[in-house]
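Q: File work.txt below, compact mmCIF, C-alpha atoms:
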```
# COMPACT_ATOMS: atom_id res chain seq x y z
CA MET A 44 98.52 105.57 48.85
CA GLY A 45 97.69 108.41 46.51
CA PRO A 46 97.66 112.09 47.53
CA LEU A 47 93.85 112.18 47.81
CA GLN A 48 93.84 109.18 50.15
CA LEU A 49 96.57 110.70 52.33
CA ILE A 50 94.70 114.00 52.55
CA LEU A 51 91.47 112.22 53.47
CA VAL A 52 93.20 110.20 56.20
CA ALA A 53 94.73 113.39 57.63
CA LEU A 54 91.39 115.20 57.56
CA VAL A 55 89.58 112.31 59.24
CA GLN A 56 92.24 112.06 61.95
CA GLY A 57 92.24 115.80 62.57
CA LEU A 58 88.45 116.02 62.68
CA THR A 59 87.76 112.97 64.84
CA GLU A 60 90.67 112.71 67.29
CA TYR A 61 89.31 115.34 69.68
CA LEU A 62 85.60 115.04 68.96
CA PRO A 63 83.76 112.40 71.05
CA ILE A 64 83.14 110.16 68.02
CA SER A 65 86.25 107.87 67.91
CA SER A 66 89.08 108.57 65.48
CA THR A 67 90.20 104.93 65.64
CA ALA A 68 86.83 103.71 64.42
CA HIS A 69 86.82 106.13 61.51
CA LEU A 70 90.39 105.31 60.47
CA ILE A 71 89.71 101.57 60.61
CA LEU A 72 86.51 101.91 58.61
CA LEU A 73 87.83 104.40 56.04
CA PRO A 74 89.73 101.86 53.89
CA ARG A 75 86.87 99.35 54.22
CA LEU A 76 84.31 101.84 52.96
CA PHE A 77 86.39 102.94 49.96
CA GLY A 78 87.97 99.58 49.19
CA TRP A 79 91.49 100.81 49.91
CA GLU A 80 94.32 98.91 51.47
CA ASP A 81 94.98 99.83 55.11
CA GLN A 82 96.99 103.05 55.22
CA GLY A 83 99.75 101.35 57.22
CA LEU A 84 101.75 102.20 60.32
CA ALA A 85 103.74 105.07 58.81
CA VAL A 86 100.64 107.06 57.85
CA ASP A 87 98.98 106.32 61.21
CA VAL A 88 102.08 107.57 63.06
CA ALA A 89 102.18 110.76 60.97
CA ALA A 90 98.47 111.45 61.52
CA ASN A 91 98.66 110.81 65.26
CA THR A 92 101.81 112.91 65.57
CA GLY A 93 100.00 115.77 63.89
CA THR A 94 97.10 115.74 66.33
CA LEU A 95 99.55 115.38 69.22
CA LEU A 96 101.30 118.54 68.04
CA ALA A 97 97.90 120.23 67.80
CA VAL A 98 97.09 119.73 71.48
CA ILE A 99 100.62 120.78 72.51
CA ALA A 100 100.29 123.96 70.47
CA TYR A 101 96.80 124.80 71.72
CA PHE A 102 97.63 124.30 75.41
CA ARG A 103 101.21 125.59 75.25
CA LYS A 104 100.57 128.38 77.77
CA ASP A 105 98.82 126.04 80.20
CA LEU A 106 101.58 123.45 79.89
CA ALA A 107 104.28 126.05 80.46
CA GLY A 108 102.42 127.24 83.56
CA TYR A 109 102.06 123.69 84.90
CA VAL A 110 105.79 123.03 84.44
CA ARG A 111 106.77 126.29 86.16
CA ALA A 112 104.38 125.59 89.01
CA LEU A 113 105.68 122.03 89.42
CA PHE A 114 109.34 122.96 89.61
CA HIS A 115 109.21 126.44 91.09
CA GLY A 116 106.09 126.34 93.23
CA GLY A 117 104.42 129.25 91.44
CA GLU A 118 100.81 129.15 90.34
CA ASP A 119 100.99 131.74 87.59
CA GLY A 120 100.97 131.03 83.90
CA ALA A 121 98.22 128.43 83.63
CA ARG A 122 95.36 129.73 81.53
CA ASP A 123 92.77 128.67 84.07
CA GLY A 124 94.62 130.55 86.87
CA SER A 125 94.07 127.61 89.18
CA GLN A 126 95.66 126.90 92.52
CA GLY A 127 95.95 123.33 91.29
CA ALA A 128 98.51 124.06 88.57
CA ARG A 129 101.31 122.52 90.60
CA ARG A 130 99.40 119.22 90.81
CA MET A 131 98.31 118.99 87.18
CA ILE A 132 101.32 117.14 85.75
CA PRO A 133 101.33 114.47 88.52
CA LEU A 134 97.56 114.09 88.08
CA LEU A 135 97.93 113.59 84.34
CA ALA A 136 100.68 111.03 84.97
CA LEU A 137 98.45 109.11 87.40
CA ALA A 138 95.52 109.20 84.99
CA SER A 139 97.72 107.79 82.22
CA LEU A 140 98.73 104.61 84.10
CA PRO A 141 95.53 102.54 83.57
CA VAL A 142 95.59 102.82 79.77
CA LEU A 143 99.24 101.72 79.68
CA VAL A 144 98.52 98.69 81.87
CA VAL A 145 95.42 97.67 79.92
CA GLY A 146 97.14 98.33 76.60
CA ILE A 147 99.97 95.96 77.48
CA ALA A 148 97.70 93.31 78.99
CA ALA A 149 95.11 93.28 76.19
CA GLY A 150 97.25 94.44 73.28
CA ASP A 151 96.69 91.37 71.11
CA TRP A 152 92.90 91.54 71.41
CA ILE A 153 92.87 95.30 70.80
CA ALA A 154 94.99 94.93 67.66
CA GLY A 155 93.04 91.92 66.42
CA ASP A 156 89.45 90.91 67.16
CA ALA A 157 88.53 94.30 68.64
CA ARG A 158 88.97 95.95 65.26
CA SER A 159 86.00 94.14 63.74
CA PRO A 160 83.10 96.26 62.39
CA ALA A 161 80.69 94.61 64.85
CA VAL A 162 82.76 95.62 67.89
CA ILE A 163 83.17 99.14 66.50
CA ALA A 164 79.44 99.48 65.83
CA TRP A 165 78.32 98.33 69.28
CA ALA A 166 81.01 100.37 71.02
CA THR A 167 79.96 103.43 69.03
CA ILE A 168 76.35 102.95 70.14
CA GLY A 169 76.99 101.85 73.72
CA PHE A 170 79.51 104.51 74.67
CA GLY A 171 77.44 107.06 72.77
CA LEU A 172 74.50 106.32 75.08
CA VAL A 173 76.80 106.67 78.10
CA LEU A 174 77.92 110.07 76.80
CA GLY A 175 74.31 111.13 76.32
CA VAL A 176 73.26 110.14 79.84
CA ALA A 177 76.35 111.67 81.46
CA ASP A 178 75.99 114.93 79.57
CA ARG A 179 72.26 115.31 80.16
CA TRP A 180 72.13 114.48 83.87
CA GLY A 181 75.68 115.13 85.06
CA PRO A 182 75.92 118.15 87.39
CA GLN A 183 78.18 121.08 86.49
CA GLU A 184 79.64 121.96 89.86
CA ARG A 185 83.39 121.47 89.37
CA ARG A 186 86.04 123.11 87.22
CA LEU A 187 89.43 121.93 85.97
CA GLU A 188 91.38 123.31 88.94
CA GLN A 189 89.35 121.09 91.28
CA VAL A 190 90.59 117.79 89.83
CA ASN A 191 92.06 115.65 92.62
CA TRP A 192 93.78 112.25 92.81
CA ARG A 193 90.49 110.32 92.98
CA HIS A 194 89.11 112.16 89.96
CA ALA A 195 92.34 111.55 88.02
CA LEU A 196 92.14 107.82 88.68
CA VAL A 197 88.53 107.69 87.46
CA PHE A 198 89.50 109.67 84.36
CA GLY A 199 92.34 107.22 83.77
CA LEU A 200 90.14 104.14 84.12
CA ALA A 201 87.68 105.70 81.68
CA GLN A 202 90.46 106.38 79.19
CA ALA A 203 91.52 102.73 79.38
CA THR A 204 88.09 101.63 78.09
CA ALA A 205 88.70 103.79 75.01
CA LEU A 206 91.17 101.18 73.77
CA ILE A 207 88.05 99.50 72.40
CA PRO A 208 87.71 100.84 68.84
CA GLY A 209 84.58 102.94 68.60
CA ALA A 210 84.56 103.98 72.26
CA SER A 211 86.31 107.35 71.65
CA ARG A 212 89.01 108.44 74.08
CA ALA A 213 87.68 112.00 74.21
CA GLY A 214 84.13 110.72 74.59
CA VAL A 215 84.73 108.40 77.54
CA VAL A 216 86.91 110.90 79.40
CA ILE A 217 84.34 113.66 78.92
CA SER A 218 81.61 111.24 80.07
CA ALA A 219 83.61 110.48 83.21
CA GLY A 220 84.07 114.18 83.86
CA ARG A 221 80.37 114.90 83.53
CA LEU A 222 79.49 112.00 85.87
CA LEU A 223 82.02 113.35 88.38
CA GLY A 224 80.30 116.73 88.30
CA PHE A 225 82.69 118.71 86.09
CA ASP A 226 81.29 121.18 83.60
CA ARG A 227 81.50 120.37 79.90
CA GLU A 228 84.45 122.61 79.09
CA SER A 229 86.55 121.40 82.03
CA SER A 230 85.81 117.77 81.16
CA ALA A 231 86.92 118.36 77.59
CA ARG A 232 90.04 120.28 78.60
CA PHE A 233 91.16 117.45 80.87
CA ALA A 234 90.45 114.96 78.07
CA PHE A 235 92.64 116.96 75.69
CA LEU A 236 95.47 117.33 78.21
CA LEU A 237 95.25 113.61 79.01
CA ALA A 238 95.99 112.87 75.34
CA LEU A 239 99.55 114.12 75.84
CA PRO A 240 101.26 111.49 78.05
CA VAL A 241 99.95 108.45 76.19
CA GLY A 242 100.30 110.24 72.85
CA VAL A 243 103.99 110.89 73.47
CA PHE A 244 104.50 107.27 74.58
CA VAL A 245 102.70 105.83 71.55
CA ALA A 246 104.43 108.19 69.12
CA GLY A 247 107.81 107.18 70.52
CA LYS A 248 107.05 103.47 70.33
CA ASP A 249 105.64 103.66 66.81
CA SER A 250 108.57 105.78 65.65
CA LEU A 251 110.99 103.15 66.91
CA ASP A 252 109.04 100.52 65.01
CA LEU A 253 109.35 102.61 61.85
CA VAL A 254 113.08 103.12 62.36
CA ARG A 255 113.58 99.38 62.77
CA GLY A 256 111.65 98.88 59.56
CA ALA A 257 113.96 101.29 57.69
CA LEU A 258 111.31 103.70 56.43
CA PRO A 259 112.17 104.80 52.86
CA LEU A 260 113.03 108.50 52.59
CA SER A 261 110.77 108.70 49.55
CA GLN A 262 107.75 108.52 51.90
CA LEU A 263 108.90 111.46 54.02
CA PRO A 264 107.14 114.27 52.04
CA SER A 265 103.83 112.38 52.14
CA LEU A 266 104.12 111.74 55.87
CA LEU A 267 104.97 115.38 56.57
CA LEU A 268 101.86 116.42 54.61
CA VAL A 269 99.68 114.07 56.69
CA ALA A 270 101.20 115.31 59.96
CA ALA A 271 100.86 119.00 59.05
CA LEU A 272 97.28 118.72 57.81
CA SER A 273 96.08 116.67 60.79
CA ALA A 274 97.82 119.15 63.13
CA VAL A 275 96.07 122.18 61.62
CA VAL A 276 92.66 120.52 61.55
CA GLY A 277 93.10 119.11 65.06
CA TYR A 278 94.03 122.56 66.41
CA LEU A 279 90.90 124.10 64.89
CA VAL A 280 88.71 121.27 66.22
CA ILE A 281 90.00 121.72 69.79
CA GLY A 282 89.18 125.41 69.78
CA GLY A 283 85.87 124.83 68.06
CA LEU A 284 84.72 122.13 70.47
CA LEU A 285 85.66 124.15 73.56
CA GLY A 286 83.75 127.10 72.17
CA TRP A 287 80.76 124.86 71.40
CA LEU A 288 80.71 123.41 74.91
CA ARG A 289 80.56 126.85 76.52
CA ARG A 290 77.14 127.33 74.95
CA ARG A 291 75.75 123.93 73.94
CA SER A 292 75.48 120.30 74.99
CA LEU A 293 77.06 117.15 73.54
CA GLN A 294 73.79 115.65 72.35
CA VAL A 295 74.52 116.30 68.67
CA PHE A 296 77.53 113.98 68.94
CA VAL A 297 75.39 111.37 70.69
CA GLY A 298 72.96 111.45 67.79
CA TYR A 299 75.79 111.10 65.28
CA ARG A 300 77.22 108.11 67.13
CA LEU A 301 73.88 106.32 67.28
CA ALA A 302 73.26 106.90 63.58
CA LEU A 303 76.79 105.78 62.67
CA GLY A 304 76.49 102.64 64.79
CA VAL A 305 73.21 101.64 63.15
CA VAL A 306 74.63 102.22 59.67
CA LEU A 307 77.67 100.10 60.51
CA LEU A 308 75.47 97.25 61.70
CA LEU A 309 73.39 97.43 58.53
CA VAL A 310 76.34 97.68 56.14
CA PHE A 311 78.76 95.23 57.72
```
What would the structure in this file look like if it were written as structure tokens?
A:
Amino acid sequence: MGPLQLILVALVQGLTEYLPISSTAHLILLPRLFGWEDQGLAVDVAANTGTLLAVIAYFRKDLAGYVRALFHGGEDGARDGSQGARRMIPLLALASLPVLVVGIAAGDWIAGDARSPAVIAWATIGFGLVLGVADRWGPQERRLEQVNWRHALVFGLAQATALIPGASRAGVVISAGRLLGFDRESSARFAFLLALPVGVFVAGKDSLDLVRGALPLSQLPSLLLVAALSAVVGYLVIGGLLGWLRRRSLQVFVGYRLALGVVLLLVF
């Protein structure tokens, strides 16, 4: 891939990973729209690693507080100041189990037939409508510190459905949060934090695959560029979306998803 293609892939990954519009769908469709070859595993790993680093960097103070609370019993250090800081890491672990189970059980379908433009288009539309309904009529009574084991399991089951390309991991988790009564910002924050366990697992697995494939050192500069650019853009998107949700709804993203889905159906 040329430099322009690599930069575009990194920008798309950084922009779409944490917005409720499905990064997987955009990365699958990008080479189809421009007539490129698929960017390949190495570029995907670099882009996903970049956005994983973005969420670690953005929530570094929260994560440090959760770790201290878990091992030392203190509740200080988490940005939200919650009394639930000690439970956050176990809750995130519980919420990550469904996607691992479904990913293993349905891996062949997810990597094959599910990546068709038709599946992506209908998932973009269908889960977009779910997001619209959840955001418009979901109550805003709960905050992040009130997440319990039942909520975590529902969040996890929602995340598992995001293995369908076009569903959007951030979108389905935020939808679940709104339906459970969490405010928009808390729903998004839990969605971002929930990206960490599975992201680390996937990055590790994909990195092993690359090592087994003897990745040429000549590709290293390009991959570092992709990772760095997607990390910077992802970091800015996280902060921007959280700021947006303090003042506005998610309906603009619903509209984008519906329009994108219709275009995909017409084009493909």
Q: So which residues touch Leu301 in chain A within 8 Å, counting only C-alpha atoms, skipping near sequence neighbours fewer than 4 positions away, as a list in words?
A: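 Non-adjacent residues within range: Thr167, Ile168, Gly171, Leu172, Val297 and Val305 of chain A.
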Q: Which is closer to Leu303 in chain A than all the others in A:Ile64, A:Leu76, A:Ala203, A:Val173, using only C-alpha atoms?
A: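 Smallest distance to Leu303 in chain A is found for A:Ile64.
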Q: Nearest to Gly78 in chain A: which of A:Ala270, A:Gln48, A:Ala231, A:Arg193 is it, counting all atoms listed in the file?
A: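 Nearest candidate to Gly78 in chain A out of A:Ala270, A:Gln48, A:Ala231, A:Arg193: A:Gln48.
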Q: Excluding same-chain residues fewer than 3 positions from Tyr278 in chain A, what lies within 9 Å of it counting all atoms listed in the file, as a list in words?
A: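 These residues fall inside the cut-off: Gly57, Thr94, Leu96, Ala97, Val98, Ala100, Tyr101, Ser273, Ala274, Val275, Ile281, Gly282 and Gly283 of chain A.
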Q: For C-alpha atoms, I'd like the residues from the last selection saved as a PDB file, in the frame of the given file.
A:
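See result.pdb below for the written result:
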```pdb
ATOM      1  CA  GLY A  57      92.240 115.800  62.570  1.00  0.00           C
ATOM      2  CA  THR A  94      97.100 115.740  66.330  1.00  0.00           C
ATOM      3  CA  LEU A  96     101.300 118.540  68.040  1.00  0.00           C
ATOM      4  CA  ALA A  97      97.900 120.230  67.800  1.00  0.00           C
ATOM      5  CA  VAL A  98      97.090 119.730  71.480  1.00  0.00           C
ATOM      6  CA  ALA A 100     100.290 123.960  70.470  1.00  0.00           C
ATOM      7  CA  TYR A 101      96.800 124.800  71.720  1.00  0.00           C
ATOM      8  CA  SER A 273      96.080 116.670  60.790  1.00  0.00           C
ATOM      9  CA  ALA A 274      97.820 119.150  63.130  1.00  0.00           C
ATOM     10  CA  VAL A 275      96.070 122.180  61.620  1.00  0.00           C
ATOM     11  CA  ILE A 281      90.000 121.720  69.790  1.00  0.00           C
ATOM     12  CA  GLY A 282      89.180 125.410  69.780  1.00  0.00           C
ATOM     13  CA  GLY A 283      85.870 124.830  68.060  1.00  0.00           C
TER      14      GLY A 283
END
```
Q: Given all atoms listed in the file as the basis, pick out the residue of A:Gln262, A:Arg130, A:Arg290, A:Ile153 nearest to Gly45 in chain A.
A: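 So, comparing all the options, the nearest one is A:Gln262.
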Q: Tell me, as a PyMOL selection string, which residues lie within 6 Å of Arg129 in chain A, counting only C-alpha atoms; anything in the same chain fewer than 3 positions away does not count.
A: chain A and resi 109+112-113
Q: Quick one, how far is CA of Leu307 in chain A from CA of Gly181 in chain A?
A: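 For CA of Leu307 in chain A relative to CA of Gly181 in chain A, the distance reads 28.9 Å.
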Q: Report the distance between CA of Leu279 in chain A and CA of Arg111 in chain A in Å, rounded to one decimal place.
A: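 Computing it gives 26.6 Å between the two atoms.
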Q: From the set A:Asp178, A:Val88, A:Leu267, A:Arg75, which residue has the shortest atom-to-atom contact distance to Gly247 in chain A, counting all atoms listed in the file?
A: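 For Gly247 in chain A, the nearest of the given residues is A:Val88.
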Q: Any idea what's packed within 9 Å of Val197 in chain A, counting all atoms listed in the file, ignoring anything in its chain fewer than 4 positions away? Could you give it as a list in words?
A: Ala138, Trp192, Arg193, Ala201, Gln202, Val216, Ala219, Gly220 and Leu223 of chain A
Q: Would you write out those residues with C-alpha atoms, as a PDB file, in the coordinates of the input?
A:
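File written: result_20.pdb
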```
ATOM      1  CA  ALA A 138      95.520 109.200  84.990  1.00  0.00           C
ATOM      2  CA  TRP A 192      93.780 112.250  92.810  1.00  0.00           C
ATOM      3  CA  ARG A 193      90.490 110.320  92.980  1.00  0.00           C
ATOM      4  CA  ALA A 201      87.680 105.700  81.680  1.00  0.00           C
ATOM      5  CA  GLN A 202      90.460 106.380  79.190  1.00  0.00           C
ATOM      6  CA  VAL A 216      86.910 110.900  79.400  1.00  0.00           C
ATOM      7  CA  ALA A 219      83.610 110.480  83.210  1.00  0.00           C
ATOM      8  CA  GLY A 220      84.070 114.180  83.860  1.00  0.00           C
ATOM      9  CA  LEU A 223      82.020 113.350  88.380  1.00  0.00           C
TER      10      LEU A 223
END
```
Q: Restricting the calculation to only C-alpha atoms: of A:Ile50, A:Leu236, A:Ile207, A:Ala89, which residue gets closest to Met131 in chain A?
A: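 Checking each candidate against Met131 in chain A, we get A:Leu236 as the closest.
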Q: Quick one: residues within 12 Å of Gly286 in chain A, all atoms listed in the file counted, chain neighbours fewer than 5 positions away excluded, as an mmCIF file with C-alpha atoms, in the coordinates of the input?
A:
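The result, written out as part_34.cif:
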```
data_model
loop_
_atom_site.group_PDB
_atom_site.id
_atom_site.type_symbol
_atom_site.label_atom_id
_atom_site.label_comp_id
_atom_site.auth_asym_id
_atom_site.auth_seq_id
_atom_site.Cartn_x
_atom_site.Cartn_y
_atom_site.Cartn_z
ATOM 1 C CA ARG A 227 81.500 120.370 79.900
ATOM 2 C CA GLU A 228 84.450 122.610 79.090
ATOM 3 C CA SER A 229 86.550 121.400 82.030
ATOM 4 C CA ALA A 231 86.920 118.360 77.590
ATOM 5 C CA ARG A 232 90.040 120.280 78.600
ATOM 6 C CA LEU A 279 90.900 124.100 64.890
ATOM 7 C CA VAL A 280 88.710 121.270 66.220
ATOM 8 C CA ILE A 281 90.000 121.720 69.790
ATOM 9 C CA ARG A 291 75.750 123.930 73.940
ATOM 10 C CA SER A 292 75.480 120.300 74.990
#
```
Q: Measuring atom to atom with all atoms listed in the file, identify which of A:Pro208, A:Val276, A:Tyr61, A:Phe296 is nearest to Ile163 in chain A.
A: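 The closest residue to Ile163 in chain A is A:Pro208.
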Q: In Å, how far is it from CA of Ala210 in chain A to CA of Pro63 in chain A?
A: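 Interatomic distance, CA of Ala210 in chain A to CA of Pro63 in chain A: 8.5 Å.
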Q: N, CA and C atoms are needed for range 177-197 of chain A; please write them out as a PDB file, in the coordinates of the input.
A:
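Wrote part24.pdb, looks like this:
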```
ATOM      1  N   ALA A 177      75.451 110.881  80.612  1.00  0.00           N
ATOM      2  CA  ALA A 177      76.350 111.670  81.460  1.00  0.00           C
ATOM      3  C   ALA A 177      76.209 113.164  81.184  1.00  0.00           C
ATOM      4  N   ASP A 178      76.071 113.518  79.912  1.00  0.00           N
ATOM      5  CA  ASP A 178      75.990 114.930  79.570  1.00  0.00           C
ATOM      6  C   ASP A 178      74.655 115.540  79.974  1.00  0.00           C
ATOM      7  N   ARG A 179      73.577 114.758  79.855  1.00  0.00           N
ATOM      8  CA  ARG A 179      72.260 115.310  80.160  1.00  0.00           C
ATOM      9  C   ARG A 179      72.021 115.460  81.654  1.00  0.00           C
ATOM     10  N   TRP A 180      72.462 114.475  82.441  1.00  0.00           N
ATOM     11  CA  TRP A 180      72.130 114.480  83.870  1.00  0.00           C
ATOM     12  C   TRP A 180      73.333 114.732  84.787  1.00  0.00           C
ATOM     13  N   GLY A 181      74.528 114.839  84.215  1.00  0.00           N
ATOM     14  CA  GLY A 181      75.680 115.130  85.060  1.00  0.00           C
ATOM     15  C   GLY A 181      75.640 116.562  85.569  1.00  0.00           C
ATOM     16  N   PRO A 182      75.905 116.780  86.863  1.00  0.00           N
ATOM     17  CA  PRO A 182      75.920 118.150  87.390  1.00  0.00           C
ATOM     18  C   PRO A 182      77.121 118.919  86.860  1.00  0.00           C
ATOM     19  N   GLN A 183      77.075 120.237  86.960  1.00  0.00           N
ATOM     20  CA  GLN A 183      78.180 121.080  86.490  1.00  0.00           C
ATOM     21  C   GLN A 183      78.692 121.942  87.647  1.00  0.00           C
ATOM     22  N   GLU A 184      79.232 121.271  88.645  1.00  0.00           N
ATOM     23  CA  GLU A 184      79.640 121.960  89.860  1.00  0.00           C
ATOM     24  C   GLU A 184      81.147 122.198  89.938  1.00  0.00           C
ATOM     25  N   ARG A 185      81.943 121.409  89.219  1.00  0.00           N
ATOM     26  CA  ARG A 185      83.390 121.470  89.370  1.00  0.00           C
ATOM     27  C   ARG A 185      84.057 121.997  88.107  1.00  0.00           C
ATOM     28  N   ARG A 186      85.241 122.608  88.320  1.00  0.00           N
ATOM     29  CA  ARG A 186      86.040 123.110  87.220  1.00  0.00           C
ATOM     30  C   ARG A 186      87.397 122.416  87.224  1.00  0.00           C
ATOM     31  N   LEU A 187      88.183 122.657  86.189  1.00  0.00           N
ATOM     32  CA  LEU A 187      89.430 121.930  85.970  1.00  0.00           C
ATOM     33  C   LEU A 187      90.359 121.986  87.173  1.00  0.00           C
ATOM     34  N   GLU A 188      90.455 123.151  87.820  1.00  0.00           N
ATOM     35  CA  GLU A 188      91.380 123.310  88.940  1.00  0.00           C
ATOM     36  C   GLU A 188      90.995 122.480  90.156  1.00  0.00           C
ATOM     37  N   GLN A 189      89.803 121.894  90.143  1.00  0.00           N
ATOM     38  CA  GLN A 189      89.350 121.090  91.280  1.00  0.00           C
ATOM     39  C   GLN A 189      89.607 119.596  91.108  1.00  0.00           C
ATOM     40  N   VAL A 190      90.254 119.205  90.019  1.00  0.00           N
ATOM     41  CA  VAL A 190      90.590 117.790  89.830  1.00  0.00           C
ATOM     42  C   VAL A 190      91.525 117.338  90.941  1.00  0.00           C
ATOM     43  N   ASN A 191      91.197 116.197  91.580  1.00  0.00           N
ATOM     44  CA  ASN A 191      92.060 115.650  92.620  1.00  0.00           C
ATOM     45  C   ASN A 191      92.524 114.248  92.212  1.00  0.00           C
ATOM     46  N   TRP A 192      93.209 113.559  93.129  1.00  0.00           N
ATOM     47  CA  TRP A 192      93.780 112.250  92.810  1.00  0.00           C
ATOM     48  C   TRP A 192      92.683 111.218  92.503  1.00  0.00           C
ATOM     49  N   ARG A 193      91.585 111.273  93.231  1.00  0.00           N
ATOM     50  CA  ARG A 193      90.490 110.320  92.980  1.00  0.00           C
ATOM     51  C   ARG A 193      89.883 110.566  91.607  1.00  0.00           C
ATOM     52  N   HIS A 194      89.650 111.835  91.281  1.00  0.00           N
ATOM     53  CA  HIS A 194      89.110 112.160  89.960  1.00  0.00           C
ATOM     54  C   HIS A 194      90.057 111.682  88.858  1.00  0.00           C
ATOM     55  N   ALA A 195      91.356 111.924  89.042  1.00  0.00           N
ATOM     56  CA  ALA A 195      92.340 111.550  88.020  1.00  0.00           C
ATOM     57  C   ALA A 195      92.324 110.046  87.774  1.00  0.00           C
ATOM     58  N   LEU A 196      92.171 109.270  88.844  1.00  0.00           N
ATOM     59  CA  LEU A 196      92.140 107.820  88.680  1.00  0.00           C
ATOM     60  C   LEU A 196      90.896 107.385  87.902  1.00  0.00           C
ATOM     61  N   VAL A 197      89.755 108.005  88.189  1.00  0.00           N
ATOM     62  CA  VAL A 197      88.530 107.690  87.460  1.00  0.00           C
ATOM     63  C   VAL A 197      88.680 108.079  85.986  1.00  0.00           C
TER      64      VAL A 197
END
```
